[in-house]
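Right, one structure below, let's go through it.
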Amino acid sequence: MSTPQSILEACYELENEPFVLLYELTDTEGSIIRLSPLGEVTWRGNVFENIPCTLTSVGRKSNDEKTRPRFSMVNPEGMFTAAVDRRTLEGAKLVRYQLLKSDLDDSADLSLRLDLRITRVMSVTREVIVLESRSALDGAQFRLPYRRYSPPEFPHVRLK
């Protein structure tokens, strides 16, 4: 993944341009919900709805510990509660697009993309839904033995 040139140039300026965060949530049935905490936004021909949301605890740790970001979104009058009841949010795909305000205005395809997978619903109320997410490489941890016994392939070879 390469960083867009406009974002690299903004890193060296004294007064930075604001970043815009857009979210795209695809549930296990294939329904796509596009969310924007800023208001209704159109970017690359897609309309992102004005639904307040935030992604917290995103980062990397110096040790081997994995981070599990939490995605919180407003649940106006229980609008997303049916998806929680059908269990279509567990295993859903969450994409966060981070782009500059000028790239949003130009509808340029220049963004930093973070792909996450929703693993569980942490809490549901009529006002807010909190989802736990993981990176694509943060799955079930298991170990395979480094050696194993295999019987000989030829019948005339015996082990004593």
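By order of appearance in the structure tokens: chains A, B, ..., then residues from 1 within every chain, and ligands from 1 in the order shown.
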Compile the contact shell of Thr125 in chain A as a list in words: residues with an atom at most 10 Å away, counting only C-alpha atoms, same-chain residues fewer than 4 positions apart removed.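 Result of the neighbour search: Val74, Asn75, Pro76, Glu77, Gly78, Phe80, Thr81, Ile129 and Val130 of chain A.
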For range 105-107 of chain A: contacts at 10 Å, only C-alpha atoms, fewer than 5 positions along chain excluded, given as a PyMOL selection string: chain A and resi 41-46+100
Would you write out those residues with N, CA, C and O atoms, as a short mmCIF file (atom, residue, chain, number, x, y, z; two decimals), in the first residue's frame?
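Once everything was written out, this is part.cif:
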data_model
loop_
_atom_site.label_atom_id
_atom_site.label_comp_id
_atom_site.auth_asym_id
_atom_site.auth_seq_id
_atom_site.Cartn_x
_atom_site.Cartn_y
_atom_site.Cartn_z
N VAL A 41 -21.98 13.19 2.42
CA VAL A 41 -20.83 13.46 1.56
C VAL A 41 -20.91 12.53 0.35
O VAL A 41 -21.28 11.37 0.48
N THR A 42 -20.56 13.06 -0.82
CA THR A 42 -20.45 12.23 -2.02
C THR A 42 -18.99 12.17 -2.41
O THR A 42 -18.33 13.20 -2.60
N TRP A 43 -18.47 10.95 -2.49
CA TRP A 43 -17.07 10.73 -2.85
C TRP A 43 -16.98 9.57 -3.80
O TRP A 43 -17.49 8.50 -3.51
N ARG A 44 -16.36 9.78 -4.95
CA ARG A 44 -16.21 8.78 -6.02
C ARG A 44 -17.55 8.19 -6.44
O ARG A 44 -17.67 7.01 -6.71
N GLY A 45 -18.59 9.00 -6.46
CA GLY A 45 -19.90 8.55 -6.91
C GLY A 45 -20.71 7.83 -5.84
O GLY A 45 -21.83 7.41 -6.10
N ASN A 46 -20.17 7.65 -4.66
CA ASN A 46 -20.87 6.99 -3.55
C ASN A 46 -21.31 8.03 -2.54
O ASN A 46 -20.56 8.93 -2.19
N LEU A 100 -7.69 13.68 2.53
CA LEU A 100 -7.65 15.12 2.76
C LEU A 100 -8.95 15.75 2.29
O LEU A 100 -9.61 15.24 1.39
#
Looking at A:Arg126, A:Arg34, A:Lys66, A:Arg113, which one is nearest to Ile51 in chain A, with distances taken over only C-alpha atoms?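 For Ile51 in chain A, the nearest of the candidates is A:Arg34.
Between Val121 in chain A and the candidates A:Gln5, A:Thr88, A:Ser150, A:Thr28, the tightest atom-to-atom separation, counting only C-alpha atoms, involves A:Thr88.
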Compare A:Ile7, A:Val20, A:Leu35, A:Leu131 by their minimum atom-to-atom distance to Gln98 in chain A, counting only C-alpha atoms, and give me the closest one.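 Ranked by minimum distance to Gln98 in chain A, first place goes to A:Val20.
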Hey, which of A:Leu104, A:Leu112, A:Ile118, A:Ala10 ends up closest to Leu25 in chain A? Count only C-alpha atoms.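 Answer, going by the shortest atom-to-atom distance: A:Ile118.
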Considering only C-alpha atoms, can you say which of A:Val128, A:Val47, A:Val84, A:Met79 comes closest to Glu24 in chain A? A:Val47
Which of range 1-102 of chain A end up as alpha helix (DSSP H) when DSSP is run on this backbone - answer as a PDB file with all heavy atoms, in the first residue's frame?
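And here's part06.pdb as it stands now:
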ATOM      1  N   GLN A   5       0.504  10.936  -2.824  1.00  0.00           N
ATOM      2  CA  GLN A   5       1.445  12.060  -2.822  1.00  0.00           C
ATOM      3  C   GLN A   5       0.881  13.273  -2.098  1.00  0.00           C
ATOM      4  O   GLN A   5       1.607  13.982  -1.402  1.00  0.00           O
ATOM      5  CB  GLN A   5       1.830  12.418  -4.257  1.00  0.00           C
ATOM      6  CG  GLN A   5       2.948  13.428  -4.353  1.00  0.00           C
ATOM      7  CD  GLN A   5       4.254  12.914  -3.778  1.00  0.00           C
ATOM      8  OE1 GLN A   5       4.526  11.728  -3.781  1.00  0.00           O
ATOM      9  NE2 GLN A   5       5.054  13.819  -3.246  1.00  0.00           N
ATOM     10  N   SER A   6      -0.423  13.515  -2.213  1.00  0.00           N
ATOM     11  CA  SER A   6      -1.009  14.689  -1.546  1.00  0.00           C
ATOM     12  C   SER A   6      -0.919  14.563  -0.025  1.00  0.00           C
ATOM     13  O   SER A   6      -0.717  15.551   0.670  1.00  0.00           O
ATOM     14  CB  SER A   6      -2.463  14.867  -1.981  1.00  0.00           C
ATOM     15  OG  SER A   6      -3.218  13.716  -1.646  1.00  0.00           O
ATOM     16  N   ILE A   7      -1.024  13.364   0.503  1.00  0.00           N
ATOM     17  CA  ILE A   7      -0.904  13.166   1.952  1.00  0.00           C
ATOM     18  C   ILE A   7       0.548  13.310   2.389  1.00  0.00           C
ATOM     19  O   ILE A   7       0.842  13.888   3.443  1.00  0.00           O
ATOM     20  CB  ILE A   7      -1.496  11.805   2.356  1.00  0.00           C
ATOM     21  CG1 ILE A   7      -3.012  11.825   2.122  1.00  0.00           C
ATOM     22  CG2 ILE A   7      -1.178  11.464   3.804  1.00  0.00           C
ATOM     23  CD1 ILE A   7      -3.714  10.532   2.426  1.00  0.00           C
ATOM     24  N   LEU A   8       1.480  12.814   1.575  1.00  0.00           N
ATOM     25  CA  LEU A   8       2.899  12.977   1.905  1.00  0.00           C
ATOM     26  C   LEU A   8       3.295  14.454   1.917  1.00  0.00           C
ATOM     27  O   LEU A   8       4.045  14.896   2.795  1.00  0.00           O
ATOM     28  CB  LEU A   8       3.765  12.214   0.904  1.00  0.00           C
ATOM     29  CG  LEU A   8       3.756  10.692   1.021  1.00  0.00           C
ATOM     30  CD1 LEU A   8       4.567  10.076  -0.103  1.00  0.00           C
ATOM     31  CD2 LEU A   8       4.308  10.259   2.368  1.00  0.00           C
ATOM     32  N   GLU A   9       2.797  15.230   0.958  1.00  0.00           N
ATOM     33  CA  GLU A   9       3.116  16.664   0.922  1.00  0.00           C
ATOM     34  C   GLU A   9       2.510  17.393   2.111  1.00  0.00           C
ATOM     35  O   GLU A   9       3.104  18.328   2.646  1.00  0.00           O
ATOM     36  CB  GLU A   9       2.611  17.268  -0.386  1.00  0.00           C
ATOM     37  CG  GLU A   9       3.389  16.799  -1.600  1.00  0.00           C
ATOM     38  CD  GLU A   9       2.746  17.218  -2.916  1.00  0.00           C
ATOM     39  OE1 GLU A   9       1.690  17.900  -2.879  1.00  0.00           O
ATOM     40  OE2 GLU A   9       3.300  16.859  -3.965  1.00  0.00           O
ATOM     41  N   ALA A  10       1.329  16.982   2.561  1.00  0.00           N
ATOM     42  CA  ALA A  10       0.679  17.627   3.705  1.00  0.00           C
ATOM     43  C   ALA A  10       1.443  17.374   4.999  1.00  0.00           C
ATOM     44  O   ALA A  10       1.337  18.157   5.935  1.00  0.00           O
ATOM     45  CB  ALA A  10      -0.756  17.138   3.833  1.00  0.00           C
ATOM     46  N   CYS A  11       2.227  16.310   5.056  1.00  0.00           N
ATOM     47  CA  CYS A  11       2.994  16.004   6.270  1.00  0.00           C
ATOM     48  C   CYS A  11       4.074  17.041   6.548  1.00  0.00           C
ATOM     49  O   CYS A  11       4.461  17.242   7.695  1.00  0.00           O
ATOM     50  CB  CYS A  11       3.642  14.626   6.148  1.00  0.00           C
ATOM     51  SG  CYS A  11       2.480  13.272   6.148  1.00  0.00           S
ATOM     52  N   THR A  81     -30.678  -2.456  14.818  1.00  0.00           N
ATOM     53  CA  THR A  81     -30.887  -3.554  15.764  1.00  0.00           C
ATOM     54  C   THR A  81     -31.311  -4.833  15.057  1.00  0.00           C
ATOM     55  O   THR A  81     -30.939  -5.926  15.477  1.00  0.00           O
ATOM     56  CB  THR A  81     -31.929  -3.154  16.821  1.00  0.00           C
ATOM     57  OG1 THR A  81     -31.518  -1.908  17.409  1.00  0.00           O
ATOM     58  CG2 THR A  81     -32.042  -4.185  17.912  1.00  0.00           C
ATOM     59  N   ALA A  82     -32.057  -4.728  13.964  1.00  0.00           N
ATOM     60  CA  ALA A  82     -32.465  -5.917  13.209  1.00  0.00           C
ATOM     61  C   ALA A  82     -31.251  -6.646  12.639  1.00  0.00           C
ATOM     62  O   ALA A  82     -31.208  -7.880  12.622  1.00  0.00           O
ATOM     63  CB  ALA A  82     -33.426  -5.531  12.089  1.00  0.00           C
ATOM     64  N   ALA A  83     -30.236  -5.907  12.186  1.00  0.00           N
ATOM     65  CA  ALA A  83     -29.013  -6.535  11.676  1.00  0.00           C
ATOM     66  C   ALA A  83     -28.260  -7.246  12.789  1.00  0.00           C
ATOM     67  O   ALA A  83     -27.658  -8.299  12.569  1.00  0.00           O
ATOM     68  CB  ALA A  83     -28.125  -5.491  11.009  1.00  0.00           C
ATOM     69  N   VAL A  84     -28.316  -6.694  13.996  1.00  0.00           N
ATOM     70  CA  VAL A  84     -27.677  -7.348  15.142  1.00  0.00           C
ATOM     71  C   VAL A  84     -28.429  -8.631  15.488  1.00  0.00           C
ATOM     72  O   VAL A  84     -27.824  -9.672  15.751  1.00  0.00           O
ATOM     73  CB  VAL A  84     -27.620  -6.401  16.351  1.00  0.00           C
ATOM     74  CG1 VAL A  84     -27.121  -7.122  17.586  1.00  0.00           C
ATOM     75  CG2 VAL A  84     -26.739  -5.207  16.045  1.00  0.00           C
ATOM     76  N   ASP A  85     -29.763  -8.582  15.456  1.00  0.00           N
ATOM     77  CA  ASP A  85     -30.567  -9.761  15.761  1.00  0.00           C
ATOM     78  C   ASP A  85     -30.364 -10.877  14.735  1.00  0.00           C
ATOM     79  O   ASP A  85     -30.368 -12.055  15.085  1.00  0.00           O
ATOM     80  CB  ASP A  85     -32.052  -9.393  15.848  1.00  0.00           C
ATOM     81  CG  ASP A  85     -32.353  -8.499  17.044  1.00  0.00           C
ATOM     82  OD1 ASP A  85     -31.534  -8.484  17.988  1.00  0.00           O
ATOM     83  OD2 ASP A  85     -33.392  -7.811  17.019  1.00  0.00           O
ATOM     84  N   LYS A 101      -9.297  16.893   2.876  1.00  0.00           N
ATOM     85  CA  LYS A 101     -10.531  17.593   2.514  1.00  0.00           C
ATOM     86  C   LYS A 101     -10.526  18.010   1.038  1.00  0.00           C
ATOM     87  O   LYS A 101     -11.536  17.912   0.356  1.00  0.00           O
ATOM     88  CB  LYS A 101     -10.694  18.814   3.428  1.00  0.00           C
ATOM     89  CG  LYS A 101     -11.904  19.645   3.159  1.00  0.00           C
ATOM     90  CD  LYS A 101     -13.126  19.024   3.769  1.00  0.00           C
ATOM     91  CE  LYS A 101     -14.278  19.984   3.756  1.00  0.00           C
ATOM     92  NZ  LYS A 101     -15.238  19.727   2.709  1.00  0.00           N
ATOM     93  N   SER A 102      -9.363  18.431   0.527  1.00  0.00           N
ATOM     94  CA  SER A 102      -9.288  18.833  -0.884  1.00  0.00           C
ATOM     95  C   SER A 102      -9.490  17.638  -1.807  1.00  0.00           C
ATOM     96  O   SER A 102     -10.088  17.765  -2.877  1.00  0.00           O
ATOM     97  CB  SER A 102      -7.945  19.507  -1.173  1.00  0.00           C
ATOM     98  OG  SER A 102      -6.888  18.598  -0.942  1.00  0.00           O
TER      99      SER A 102
END
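Nearest to Ser135 in chain A of all the residues A:Cys53, A:Val58, A:Met122, A:Leu38 is A:Val58, based on only C-alpha atoms.
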Residues within 7 Å of Ser111 in chain A, please, as a count of residues only. Count only C-alpha atoms; anything in the same chain fewer than 4 positions from it doesn't count. 4
Within 9 Å of range 30-33 of chain A, counting only C-alpha atoms, which residues show up once you throw out same-chain ones fewer than 4 positions away? Write them as a VMD selection string, please. chain A and resid 23 to 26 48 to 49 92
Output file for the residues above (all heavy atoms, as an mmCIF file, in the first residue's frame):
data_model
loop_
_atom_site.group_PDB
_atom_site.id
_atom_site.type_symbol
_atom_site.label_atom_id
_atom_site.label_comp_id
_atom_site.auth_asym_id
_atom_site.auth_seq_id
_atom_site.Cartn_x
_atom_site.Cartn_y
_atom_site.Cartn_z
ATOM 1 N N TYR A 23 -16.463 5.825 6.382
ATOM 2 C CA TYR A 23 -16.542 4.407 6.730
ATOM 3 C C TYR A 23 -17.501 3.690 5.786
ATOM 4 O O TYR A 23 -18.532 4.238 5.393
ATOM 5 C CB TYR A 23 -17.026 4.235 8.174
ATOM 6 C CG TYR A 23 -16.120 4.891 9.181
ATOM 7 C CD1 TYR A 23 -16.392 6.162 9.660
ATOM 8 C CD2 TYR A 23 -14.994 4.239 9.636
ATOM 9 C CE1 TYR A 23 -15.567 6.769 10.577
ATOM 10 C CE2 TYR A 23 -14.155 4.838 10.558
ATOM 11 C CZ TYR A 23 -14.445 6.098 11.022
ATOM 12 O OH TYR A 23 -13.613 6.698 11.917
ATOM 13 N N GLU A 24 -17.141 2.443 5.468
ATOM 14 C CA GLU A 24 -17.993 1.601 4.633
ATOM 15 C C GLU A 24 -18.135 0.251 5.335
ATOM 16 O O GLU A 24 -17.147 -0.438 5.565
ATOM 17 C CB GLU A 24 -17.353 1.436 3.255
ATOM 18 C CG GLU A 24 -18.201 0.725 2.257
ATOM 19 C CD GLU A 24 -17.533 0.717 0.894
ATOM 20 O OE1 GLU A 24 -16.625 -0.102 0.701
ATOM 21 O OE2 GLU A 24 -17.933 1.531 0.045
ATOM 22 N N LEU A 25 -19.364 -0.101 5.694
ATOM 23 C CA LEU A 25 -19.651 -1.330 6.424
ATOM 24 C C LEU A 25 -20.444 -2.258 5.506
ATOM 25 O O LEU A 25 -21.532 -1.909 5.059
ATOM 26 C CB LEU A 25 -20.447 -1.010 7.692
ATOM 27 C CG LEU A 25 -20.809 -2.163 8.609
ATOM 28 C CD1 LEU A 25 -19.558 -2.780 9.213
ATOM 29 C CD2 LEU A 25 -21.736 -1.688 9.704
ATOM 30 N N THR A 26 -19.875 -3.430 5.210
ATOM 31 C CA THR A 26 -20.533 -4.432 4.364
ATOM 32 C C THR A 26 -20.855 -5.626 5.237
ATOM 33 O O THR A 26 -19.943 -6.295 5.736
ATOM 34 C CB THR A 26 -19.621 -4.858 3.207
ATOM 35 O OG1 THR A 26 -19.191 -3.699 2.507
ATOM 36 C CG2 THR A 26 -20.358 -5.782 2.253
ATOM 37 N N PHE A 48 -22.189 8.926 1.193
ATOM 38 C CA PHE A 48 -21.951 8.510 2.574
ATOM 39 C C PHE A 48 -22.962 9.249 3.444
ATOM 40 O O PHE A 48 -22.984 10.477 3.485
ATOM 41 C CB PHE A 48 -20.514 8.831 2.989
ATOM 42 C CG PHE A 48 -19.488 7.954 2.307
ATOM 43 C CD1 PHE A 48 -19.051 8.233 1.034
ATOM 44 C CD2 PHE A 48 -18.989 6.841 2.943
ATOM 45 C CE1 PHE A 48 -18.131 7.438 0.403
ATOM 46 C CE2 PHE A 48 -18.051 6.030 2.327
ATOM 47 C CZ PHE A 48 -17.627 6.331 1.051
ATOM 48 N N GLU A 49 -23.798 8.494 4.143
ATOM 49 C CA GLU A 49 -24.895 9.044 4.947
ATOM 50 C C GLU A 49 -24.367 9.742 6.195
ATOM 51 O O GLU A 49 -23.327 9.388 6.728
ATOM 52 C CB GLU A 49 -25.844 7.917 5.373
ATOM 53 C CG GLU A 49 -26.469 7.158 4.234
ATOM 54 C CD GLU A 49 -27.517 7.939 3.500
ATOM 55 O OE1 GLU A 49 -28.165 8.802 4.129
ATOM 56 O OE2 GLU A 49 -27.671 7.711 2.295
ATOM 57 N N ALA A 92 -18.772 -8.999 9.466
ATOM 58 C CA ALA A 92 -18.892 -7.955 8.447
ATOM 59 C C ALA A 92 -17.529 -7.333 8.167
ATOM 60 O O ALA A 92 -16.590 -7.448 8.944
ATOM 61 C CB ALA A 92 -19.873 -6.886 8.913
#
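Rounded to one decimal, CA of Lys93 in chain A and CA of Pro18 in chain A lie 25.9 Å from each other.
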Name the residues of range 85-116 of chain A that fall into strand (DSSP E) according to DSSP on the backbone, using the chain letters and numbers of this document, as an MDAnalysis selection string. chainID A and resid 93:100 112:116
Output for the residues just chosen: N, CA, C and O atoms as a PDB file, in the first residue's frame:
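Full text of again-v2.pdb as output:
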ATOM      1  N   LYS A  93     -17.428  -6.665   7.032  1.00  0.00           N
ATOM      2  CA  LYS A  93     -16.196  -6.007   6.626  1.00  0.00           C
ATOM      3  C   LYS A  93     -16.352  -4.502   6.837  1.00  0.00           C
ATOM      4  O   LYS A  93     -17.338  -3.909   6.410  1.00  0.00           O
ATOM      5  N   LEU A  94     -15.381  -3.901   7.504  1.00  0.00           N
ATOM      6  CA  LEU A  94     -15.382  -2.471   7.766  1.00  0.00           C
ATOM      7  C   LEU A  94     -14.164  -1.858   7.092  1.00  0.00           C
ATOM      8  O   LEU A  94     -13.041  -2.334   7.285  1.00  0.00           O
ATOM      9  N   VAL A  95     -14.384  -0.822   6.304  1.00  0.00           N
ATOM     10  CA  VAL A  95     -13.288  -0.114   5.632  1.00  0.00           C
ATOM     11  C   VAL A  95     -13.329   1.339   6.075  1.00  0.00           C
ATOM     12  O   VAL A  95     -14.372   1.980   6.033  1.00  0.00           O
ATOM     13  N   ARG A  96     -12.162   1.834   6.539  1.00  0.00           N
ATOM     14  CA  ARG A  96     -12.040   3.247   6.890  1.00  0.00           C
ATOM     15  C   ARG A  96     -11.186   3.932   5.834  1.00  0.00           C
ATOM     16  O   ARG A  96     -10.082   3.488   5.524  1.00  0.00           O
ATOM     17  N   TYR A  97     -11.723   4.990   5.251  1.00  0.00           N
ATOM     18  CA  TYR A  97     -10.986   5.799   4.280  1.00  0.00           C
ATOM     19  C   TYR A  97     -10.568   7.086   4.972  1.00  0.00           C
ATOM     20  O   TYR A  97     -11.396   7.796   5.527  1.00  0.00           O
ATOM     21  N   GLN A  98      -9.282   7.388   4.922  1.00  0.00           N
ATOM     22  CA  GLN A  98      -8.746   8.622   5.497  1.00  0.00           C
ATOM     23  C   GLN A  98      -8.186   9.442   4.343  1.00  0.00           C
ATOM     24  O   GLN A  98      -7.259   9.017   3.657  1.00  0.00           O
ATOM     25  N   LEU A  99      -8.776  10.613   4.110  1.00  0.00           N
ATOM     26  CA  LEU A  99      -8.347  11.426   2.979  1.00  0.00           C
ATOM     27  C   LEU A  99      -8.358  12.897   3.349  1.00  0.00           C
ATOM     28  O   LEU A  99      -8.951  13.293   4.352  1.00  0.00           O
ATOM     29  N   LEU A 100      -7.688  13.685   2.534  1.00  0.00           N
ATOM     30  CA  LEU A 100      -7.651  15.121   2.756  1.00  0.00           C
ATOM     31  C   LEU A 100      -8.948  15.752   2.285  1.00  0.00           C
ATOM     32  O   LEU A 100      -9.611  15.244   1.388  1.00  0.00           O
ATOM     33  N   LEU A 112      -5.960   6.825   2.397  1.00  0.00           N
ATOM     34  CA  LEU A 112      -5.369   5.719   3.142  1.00  0.00           C
ATOM     35  C   LEU A 112      -6.517   4.808   3.556  1.00  0.00           C
ATOM     36  O   LEU A 112      -7.479   5.265   4.170  1.00  0.00           O
ATOM     37  N   ARG A 113      -6.414   3.542   3.242  1.00  0.00           N
ATOM     38  CA  ARG A 113      -7.502   2.597   3.469  1.00  0.00           C
ATOM     39  C   ARG A 113      -7.095   1.617   4.569  1.00  0.00           C
ATOM     40  O   ARG A 113      -6.001   1.068   4.542  1.00  0.00           O
ATOM     41  N   LEU A 114      -7.991   1.406   5.512  1.00  0.00           N
ATOM     42  CA  LEU A 114      -7.787   0.440   6.591  1.00  0.00           C
ATOM     43  C   LEU A 114      -8.924  -0.567   6.535  1.00  0.00           C
ATOM     44  O   LEU A 114     -10.089  -0.202   6.700  1.00  0.00           O
ATOM     45  N   ASP A 115      -8.591  -1.824   6.283  1.00  0.00           N
ATOM     46  CA  ASP A 115      -9.589  -2.895   6.214  1.00  0.00           C
ATOM     47  C   ASP A 115      -9.636  -3.638   7.537  1.00  0.00           C
ATOM     48  O   ASP A 115      -8.597  -4.074   8.048  1.00  0.00           O
ATOM     49  N   LEU A 116     -10.825  -3.782   8.080  1.00  0.00           N
ATOM     50  CA  LEU A 116     -11.032  -4.488   9.342  1.00  0.00           C
ATOM     51  C   LEU A 116     -12.183  -5.472   9.184  1.00  0.00           C
ATOM     52  O   LEU A 116     -12.976  -5.366   8.250  1.00  0.00           O
TER      53      LEU A 116
END
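Our summary of the geometry notes that CA of Leu21 in chain A is positioned 7.1 Å from CA of Ser36 in chain A.
Here CA of Phe19 in chain A stands at a distance of 17.6 Å from CA of Ser57 in chain A.
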